[in-house]
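Asks: My structure is in work25.txt, and what it holds is compact mmCIF, C-alpha atoms:
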```
# COMPACT_ATOMS: atom_id res chain seq x y z
CA VAL A 1459 -128.15 177.94 -60.36
CA VAL A 1460 -127.07 180.93 -58.26
CA VAL A 1461 -124.99 178.64 -56.05
CA ASP A 1462 -123.37 177.12 -59.11
CA ALA A 1463 -122.56 180.55 -60.53
CA VAL A 1464 -120.95 181.63 -57.24
CA ALA A 1465 -119.11 178.31 -56.98
CA GLN A 1466 -117.56 178.81 -60.42
CA LEU A 1467 -115.77 181.87 -59.01
CA VAL A 1468 -114.09 180.00 -56.14
CA GLY A 1469 -111.24 178.45 -58.16
CA PRO A 1470 -110.19 181.69 -59.85
CA LEU A 1471 -110.45 183.59 -56.54
CA VAL A 1472 -108.26 181.06 -54.73
CA SER A 1473 -105.73 181.27 -57.57
CA ALA A 1474 -105.77 185.08 -57.41
CA ILE A 1475 -105.36 185.20 -53.62
CA LEU A 1476 -102.79 182.38 -53.44
CA PRO A 1477 -101.04 182.35 -56.82
CA GLY A 1478 -98.33 179.95 -55.62
CA LEU A 1479 -100.80 177.25 -54.58
CA HIS A 1480 -101.01 174.63 -57.33
CA ASP A 1481 -102.09 171.04 -57.79
CA PRO A 1482 -99.47 168.60 -59.09
CA GLU A 1483 -101.48 167.80 -62.25
CA PRO A 1484 -104.56 169.12 -64.03
CA VAL A 1485 -107.84 168.16 -62.34
CA GLY A 1486 -109.09 166.15 -65.32
CA HIS A 1487 -105.86 164.18 -65.74
CA GLY A 1488 -106.33 160.45 -65.36
CA LEU A 1489 -110.12 160.46 -65.81
CA GLY A 1490 -109.97 158.89 -69.26
CA ILE A 1491 -111.45 161.94 -71.00
CA GLY A 1492 -110.96 161.71 -74.73
CA SER A 1493 -110.25 157.96 -74.65
CA GLY A 1494 -113.40 157.26 -76.64
CA THR A 1495 -117.11 157.80 -76.35
CA ALA A 1496 -117.68 154.80 -74.07
CA ALA A 1497 -114.96 155.92 -71.64
CA ASP A 1498 -116.30 159.48 -71.71
CA LEU A 1499 -119.85 158.24 -70.99
CA GLY A 1500 -118.58 156.23 -68.03
CA THR A 1501 -116.62 159.18 -66.73
CA VAL A 1502 -119.70 161.40 -66.96
CA LEU A 1503 -121.84 158.86 -65.08
CA VAL A 1504 -119.33 158.63 -62.26
CA VAL A 1505 -118.07 162.23 -62.05
CA CYS A 1506 -121.39 163.98 -62.72
CA GLY A 1507 -123.75 161.46 -61.12
CA LEU A 1508 -122.45 158.99 -58.59
CA VAL A 1509 -119.73 161.11 -57.00
CA PRO A 1510 -121.86 164.25 -56.42
CA LEU A 1511 -124.81 162.21 -55.17
CA GLY A 1512 -122.67 160.18 -52.78
CA GLU A 1513 -120.66 163.14 -51.52
CA GLU A 1514 -123.75 165.30 -51.04
CA LEU A 1515 -125.60 162.54 -49.20
CA LEU A 1516 -122.63 162.11 -46.87
CA PHE A 1517 -121.23 165.62 -46.42
CA ARG A 1518 -124.39 167.70 -46.63
CA GLY A 1519 -127.24 165.24 -46.03
CA VAL A 1520 -125.91 163.18 -43.15
CA LEU A 1521 -123.27 165.50 -41.65
CA VAL A 1522 -125.01 168.86 -41.97
CA GLY A 1523 -128.38 167.18 -41.42
CA SER A 1524 -127.16 165.76 -38.10
CA TRP A 1525 -126.07 169.19 -36.92
CA ILE A 1526 -129.36 170.69 -38.09
CA ARG A 1527 -131.20 168.14 -35.94
CA ALA A 1528 -128.90 169.13 -33.06
CA ARG A 1529 -129.89 172.78 -33.71
CA ARG A 1530 -126.29 173.72 -34.59
CA PRO A 1531 -126.28 174.18 -38.39
CA ALA A 1532 -123.17 176.41 -38.35
CA VAL A 1533 -121.15 173.52 -36.87
CA GLY A 1534 -122.48 171.30 -39.66
CA VAL A 1535 -121.47 173.79 -42.33
CA ALA A 1536 -117.96 174.15 -40.88
CA ALA A 1537 -117.44 170.41 -40.36
CA SER A 1538 -118.79 169.65 -43.81
CA ALA A 1539 -116.47 172.20 -45.41
CA VAL A 1540 -113.35 170.99 -43.61
CA LEU A 1541 -114.04 167.30 -44.23
CA PHE A 1542 -114.99 167.91 -47.86
CA GLY A 1543 -111.70 169.75 -48.35
CA LEU A 1544 -109.76 166.94 -46.67
CA ALA A 1545 -111.50 164.39 -48.89
CA HIS A 1546 -109.84 166.12 -51.86
CA VAL A 1547 -106.32 166.19 -50.39
CA THR A 1548 -105.04 163.62 -52.90
CA VAL A 1549 -105.84 165.97 -55.77
CA GLY A 1550 -103.63 168.73 -54.40
CA GLY A 1551 -103.46 171.70 -52.09
CA ARG A 1552 -105.33 174.09 -54.36
CA SER A 1553 -108.15 171.61 -54.96
CA MET A 1554 -108.36 170.88 -51.26
CA LEU A 1555 -108.82 174.57 -50.43
CA VAL A 1556 -111.28 175.08 -53.30
CA ALA A 1557 -113.24 172.00 -52.18
CA ALA A 1558 -113.42 173.29 -48.61
CA VAL A 1559 -114.86 176.62 -49.77
CA LEU A 1560 -117.22 174.80 -52.14
CA GLY A 1561 -118.26 172.54 -49.26
CA ALA A 1562 -119.37 175.57 -47.27
CA ILE A 1563 -121.21 176.99 -50.29
CA LEU A 1564 -122.94 173.66 -50.97
CA ALA A 1565 -123.94 173.38 -47.30
CA GLY A 1566 -125.33 176.91 -47.55
CA ALA A 1567 -127.37 175.82 -50.57
CA LEU A 1568 -128.82 172.99 -48.51
CA LEU A 1569 -129.74 175.33 -45.66
CA TRP A 1570 -131.07 178.04 -47.95
CA SER A 1571 -133.19 175.76 -50.13
CA GLY A 1572 -134.23 173.18 -47.57
CA SER A 1573 -133.40 170.43 -50.06
CA LEU A 1574 -130.43 168.27 -50.85
CA GLY A 1575 -131.44 168.69 -54.49
CA ALA A 1576 -129.93 172.20 -54.57
CA SER A 1577 -126.48 171.11 -53.43
CA VAL A 1578 -126.54 168.06 -55.71
CA PHE A 1579 -127.55 170.18 -58.71
CA ALA A 1580 -124.72 172.62 -58.03
CA HIS A 1581 -122.17 169.83 -57.41
CA CYS A 1582 -123.18 167.93 -60.58
CA SER A 1583 -123.00 171.05 -62.72
CA ILE A 1584 -119.65 172.10 -61.23
CA ASN A 1585 -118.24 168.68 -62.08
CA ALA A 1586 -119.77 168.74 -65.59
CA ILE A 1587 -118.23 172.14 -66.30
CA ALA A 1588 -114.88 170.86 -64.98
CA LEU A 1589 -115.06 167.86 -67.33
CA ILE A 1590 -115.79 170.12 -70.29
CA GLY A 1591 -112.87 172.31 -69.26
CA ALA A 1592 -110.68 169.20 -69.02
CA GLY A 1593 -111.38 168.28 -72.63
CA LEU A 1594 -114.77 166.57 -72.83
CA HIS A 1595 -115.96 167.56 -76.31
CA ASP A 1596 -118.04 164.69 -77.70
CA PRO A 1597 -121.75 165.70 -77.85
CA ALA A 1598 -123.03 162.33 -76.54
CA PRO A 1599 -121.26 162.52 -73.14
CA ILE A 1600 -122.16 166.20 -72.81
CA ALA A 1601 -125.82 165.37 -73.48
CA LEU A 1602 -125.56 162.54 -70.95
CA ALA A 1603 -124.16 165.00 -68.41
CA VAL A 1604 -127.33 167.09 -68.73
CA VAL A 1605 -129.53 164.00 -68.28
CA VAL A 1606 -127.45 162.80 -65.31
CA LEU A 1607 -127.65 166.27 -63.74
CA VAL A 1608 -131.46 166.28 -63.94
CA VAL A 1609 -131.93 162.67 -62.78
CA THR A 1610 -129.42 162.95 -59.94
CA THR A 1611 -131.02 166.19 -58.74
CA LEU A 1612 -134.46 164.56 -58.77
CA VAL A 1613 -133.17 161.54 -56.84
CA ALA A 1614 -131.48 163.80 -54.28
CA THR A 1615 -134.63 165.87 -53.86
CA ARG A 1616 -136.59 162.68 -53.11
CA LEU A 1617 -133.92 161.46 -50.66
CA SER A 1618 -133.57 164.84 -48.94
CA PRO A 1619 -136.27 164.34 -46.29
CA LEU A 1620 -134.73 161.02 -45.30
CA VAL A 1621 -131.30 162.39 -44.40
CA SER A 1622 -131.39 166.14 -43.99
CA TRP A 1623 -134.07 167.63 -41.90
CA ALA A 1624 -134.94 167.63 -38.27
CA PRO A 1625 -138.07 166.03 -36.87
CA ALA A 1626 -140.84 168.36 -35.79
CA ALA A 1627 -139.86 170.39 -32.73
CA ASP A 1628 -142.60 168.81 -30.59
CA THR A 1629 -141.07 165.32 -31.14
CA LEU A 1630 -137.62 166.27 -29.84
CA PRO A 1631 -136.73 165.10 -26.32
CA GLY A 1632 -136.39 167.73 -23.59
```
Here is a file; write its structure as structure tokens.

Replies:
Amino acid sequence: VVVDAVAQLVGPLVSAILPGLHDPEPVGHGLGIGSGTAADLGTVLVVCGLVPLGEELLFRGVLVGSWIRARRPAVGVAASAVLFGLAHVTVGGRSMLVAAVLGAILAGALLWSGSLGASVFAHCSINAIALIGAGLHDPAPIALAVVVLVVTTLVATRLSPLVSWAPAADTLPG
């Protein structure tokens, strides 16, 4: 929750520091928000569930986890942040920079908590808040977003030991 609160400040801070940096269209444009309850439910499942889980497994679980096992977590945080930002290049320059900063914050959540569940929770809630800001108003998709956030966080917490953490020190070679 603390990570999510801090992450919510990144966009406004980037805009304040670099006021000329803009994305070509609003972040929610093209997601089908407001096209009907069924479309909104689908958008919530993808944007608040599948995307955060997949991105966190890849960028924080596998990438940062690999560098943790190599005893170089700072490299993992930096690589994760840069690659996460680059993954958002098609959205626009502002979103790419915001995503890079968020990538570092989410990697920090993983390191701080010891669980992928923390970064997934923050990522899901950031995306849910962005959808609401982009015009998601129907109560059913908003309620689904809460359910998806909880379920996705629980799944990530269960998967965390499989992708994130180093083996015991006495099992490492050398």

Asks: Please build the interface table for stretch 1508-1594 of chain A against stretch 1479-1484 of chain A with a cut-off of 6 Å, listing for each qualifying residue the nearest atom pair and the distance in Å to one decimal; count only C-alpha atoms, order rows by chain and increasing number, and write it as CSV.

Replies:
```
residue,atom,partner,partner_atom,distance
A:Gly1550,CA,A:Asp1481,CA,4.4
A:Gly1551,CA,A:Asp1481,CA,5.9
A:Arg1552,CA,A:His1480,CA,5.3
```

Asks: So that I have them on file, write out the residues from the current selection with C-alpha atoms, as a short mmCIF file (atom, residue, chain, number, x, y, z; two decimals), in the frame of the given file.

Replies:
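File produced: result-v8.cif:
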```cif
data_model
loop_
_atom_site.label_atom_id
_atom_site.label_comp_id
_atom_site.auth_asym_id
_atom_site.auth_seq_id
_atom_site.Cartn_x
_atom_site.Cartn_y
_atom_site.Cartn_z
CA GLY A 1550 -103.63 168.73 -54.40
CA GLY A 1551 -103.46 171.70 -52.09
CA ARG A 1552 -105.33 174.09 -54.36
#
```

Asks: Show which residues sit within 10 Å of stretch 1581-1598 of chain A, as a PyMOL selection string. Count all atoms listed in the file, and ignore same-chain residues fewer than 2 positions away.

Replies: chain A and resi 1459+1461-1463+1465-1466+1484-1487+1489-1496+1498-1499+1501-1502+1505-1511+1513-1514+1560-1561+1564+1575-1579+1600-1604+1606-1608+1610-1611

Asks: Just give me the gap between atom CA of A:Ile1526 and atom CA of A:Ala1545 in Å, one decimal is fine.

Replies: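 Computing the Euclidean distance for atom CA of A:Ile1526 and atom CA of A:Ala1545 yields 21.8 Å.
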
Asks: Would you compute the distance between atom CA of A:Phe1542 and atom CA of A:Val1556? Give it in Å to one decimal.

Replies: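 A separation of 9.7 Å between them.
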
Asks: Pick the closest to A:Trp1525 from A:Gly1478, A:Leu1467, A:Leu1569, A:Leu1555: which is it, counting only C-alpha atoms?

Replies: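 Closest to A:Trp1525, using only C-alpha atoms: A:Leu1569.
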
Asks: Taking all listed atoms of stretch 1564-1583 of chain A, build the axis-aligned box, pad each of the six sides by 5 Å, then write its centre and edge lengths in Å to one decimal as AutoDock Vina command-line options.

Replies:
```
--center_x -128.2 --center_y 173.0 --center_z -54.2 --size_x 22.1 --size_y 20.1 --size_z 27.1
```

Asks: Of the candidates A:Ala1537, A:Ala1562, A:Val1547, A:Val1520, which one gets nearest to A:Pro1619 if we count all atoms listed in the file?

Replies: A:Val1520

Asks: Rounded to one decimal, what separation in Å do you get between atom CA of A:Ala1539 and atom CA of A:Ala1558?

Replies: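 These atoms are spaced 4.6 Å apart.
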
Asks: With only C-alpha atoms as the counted atoms, please give the residues lying no more than 10 Å from A:Leu1620, apart from itself and same-chain residues fewer than 4 positions off, as a PDB file with C-alpha atoms, keeping the file's coordinate frame.

Replies:
```pdb
ATOM      1  CA  GLY A1519    -127.240 165.240 -46.030  1.00  0.00           C
ATOM      2  CA  VAL A1520    -125.910 163.180 -43.150  1.00  0.00           C
ATOM      3  CA  GLY A1523    -128.380 167.180 -41.420  1.00  0.00           C
ATOM      4  CA  ALA A1614    -131.480 163.800 -54.280  1.00  0.00           C
ATOM      5  CA  THR A1615    -134.630 165.870 -53.860  1.00  0.00           C
ATOM      6  CA  ARG A1616    -136.590 162.680 -53.110  1.00  0.00           C
ATOM      7  CA  ALA A1624    -134.940 167.630 -38.270  1.00  0.00           C
TER       8      ALA A1624
END
```

Asks: Using all atoms listed in the file, can you tell me which of A:Leu1574, A:Ala1565, A:Val1549, A:Ala1497 comes closest to A:Gly1534?

Replies: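 Of the candidates, the smallest distance to A:Gly1534 is held by A:Ala1565.
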
Asks: Could you add N, CA and C atoms to stretch 1541-1560 of chain A and give me the result as a PDB file, in the coordinates of the input?

Replies:
```pdb
ATOM      1  N   LEU A1541    -114.154 168.696 -43.814  1.00  0.00           N
ATOM      2  CA  LEU A1541    -114.040 167.300 -44.230  1.00  0.00           C
ATOM      3  C   LEU A1541    -114.110 167.128 -45.738  1.00  0.00           C
ATOM      4  N   PHE A1542    -114.917 167.958 -46.405  1.00  0.00           N
ATOM      5  CA  PHE A1542    -114.990 167.910 -47.860  1.00  0.00           C
ATOM      6  C   PHE A1542    -113.651 168.322 -48.466  1.00  0.00           C
ATOM      7  N   GLY A1543    -113.035 169.339 -47.895  1.00  0.00           N
ATOM      8  CA  GLY A1543    -111.700 169.750 -48.350  1.00  0.00           C
ATOM      9  C   GLY A1543    -110.688 168.637 -48.135  1.00  0.00           C
ATOM     10  N   LEU A1544    -110.702 168.025 -46.959  1.00  0.00           N
ATOM     11  CA  LEU A1544    -109.760 166.940 -46.670  1.00  0.00           C
ATOM     12  C   LEU A1544    -109.982 165.726 -47.579  1.00  0.00           C
ATOM     13  N   ALA A1545    -111.212 165.499 -47.984  1.00  0.00           N
ATOM     14  CA  ALA A1545    -111.500 164.390 -48.890  1.00  0.00           C
ATOM     15  C   ALA A1545    -110.844 164.580 -50.255  1.00  0.00           C
ATOM     16  N   HIS A1546    -110.459 165.813 -50.573  1.00  0.00           N
ATOM     17  CA  HIS A1546    -109.840 166.120 -51.860  1.00  0.00           C
ATOM     18  C   HIS A1546    -108.330 166.350 -51.740  1.00  0.00           C
ATOM     19  N   VAL A1547    -107.737 165.957 -50.628  1.00  0.00           N
ATOM     20  CA  VAL A1547    -106.320 166.190 -50.390  1.00  0.00           C
ATOM     21  C   VAL A1547    -105.440 165.482 -51.420  1.00  0.00           C
ATOM     22  N   THR A1548    -105.869 164.346 -51.931  1.00  0.00           N
ATOM     23  CA  THR A1548    -105.040 163.620 -52.900  1.00  0.00           C
ATOM     24  C   THR A1548    -104.950 164.320 -54.245  1.00  0.00           C
ATOM     25  N   VAL A1549    -105.870 165.243 -54.502  1.00  0.00           N
ATOM     26  CA  VAL A1549    -105.840 165.970 -55.770  1.00  0.00           C
ATOM     27  C   VAL A1549    -104.784 167.068 -55.718  1.00  0.00           C
ATOM     28  N   GLY A1550    -104.625 167.681 -54.553  1.00  0.00           N
ATOM     29  CA  GLY A1550    -103.630 168.730 -54.400  1.00  0.00           C
ATOM     30  C   GLY A1550    -104.098 169.816 -53.455  1.00  0.00           C
ATOM     31  N   GLY A1551    -103.164 170.650 -53.046  1.00  0.00           N
ATOM     32  CA  GLY A1551    -103.460 171.700 -52.090  1.00  0.00           C
ATOM     33  C   GLY A1551    -104.489 172.700 -52.563  1.00  0.00           C
ATOM     34  N   ARG A1552    -104.378 173.128 -53.815  1.00  0.00           N
ATOM     35  CA  ARG A1552    -105.330 174.090 -54.360  1.00  0.00           C
ATOM     36  C   ARG A1552    -106.731 173.492 -54.396  1.00  0.00           C
ATOM     37  N   SER A1553    -106.842 172.269 -54.883  1.00  0.00           N
ATOM     38  CA  SER A1553    -108.150 171.610 -54.960  1.00  0.00           C
ATOM     39  C   SER A1553    -108.737 171.374 -53.576  1.00  0.00           C
ATOM     40  N   MET A1554    -107.887 171.085 -52.615  1.00  0.00           N
ATOM     41  CA  MET A1554    -108.360 170.880 -51.260  1.00  0.00           C
ATOM     42  C   MET A1554    -108.977 172.170 -50.694  1.00  0.00           C
ATOM     43  N   LEU A1555    -108.302 173.289 -50.904  1.00  0.00           N
ATOM     44  CA  LEU A1555    -108.820 174.570 -50.430  1.00  0.00           C
ATOM     45  C   LEU A1555    -110.098 174.954 -51.188  1.00  0.00           C
ATOM     46  N   VAL A1556    -110.091 174.777 -52.498  1.00  0.00           N
ATOM     47  CA  VAL A1556    -111.280 175.080 -53.300  1.00  0.00           C
ATOM     48  C   VAL A1556    -112.437 174.199 -52.850  1.00  0.00           C
ATOM     49  N   ALA A1557    -112.177 172.911 -52.621  1.00  0.00           N
ATOM     50  CA  ALA A1557    -113.240 172.000 -52.180  1.00  0.00           C
ATOM     51  C   ALA A1557    -113.793 172.407 -50.818  1.00  0.00           C
ATOM     52  N   ALA A1558    -112.946 172.865 -49.922  1.00  0.00           N
ATOM     53  CA  ALA A1558    -113.420 173.290 -48.610  1.00  0.00           C
ATOM     54  C   ALA A1558    -114.371 174.495 -48.738  1.00  0.00           C
ATOM     55  N   VAL A1559    -113.984 175.461 -49.551  1.00  0.00           N
ATOM     56  CA  VAL A1559    -114.860 176.620 -49.770  1.00  0.00           C
ATOM     57  C   VAL A1559    -116.154 176.181 -50.454  1.00  0.00           C
ATOM     58  N   LEU A1560    -116.030 175.313 -51.465  1.00  0.00           N
ATOM     59  CA  LEU A1560    -117.220 174.800 -52.140  1.00  0.00           C
ATOM     60  C   LEU A1560    -118.104 174.017 -51.171  1.00  0.00           C
TER      61      LEU A1560
END
```
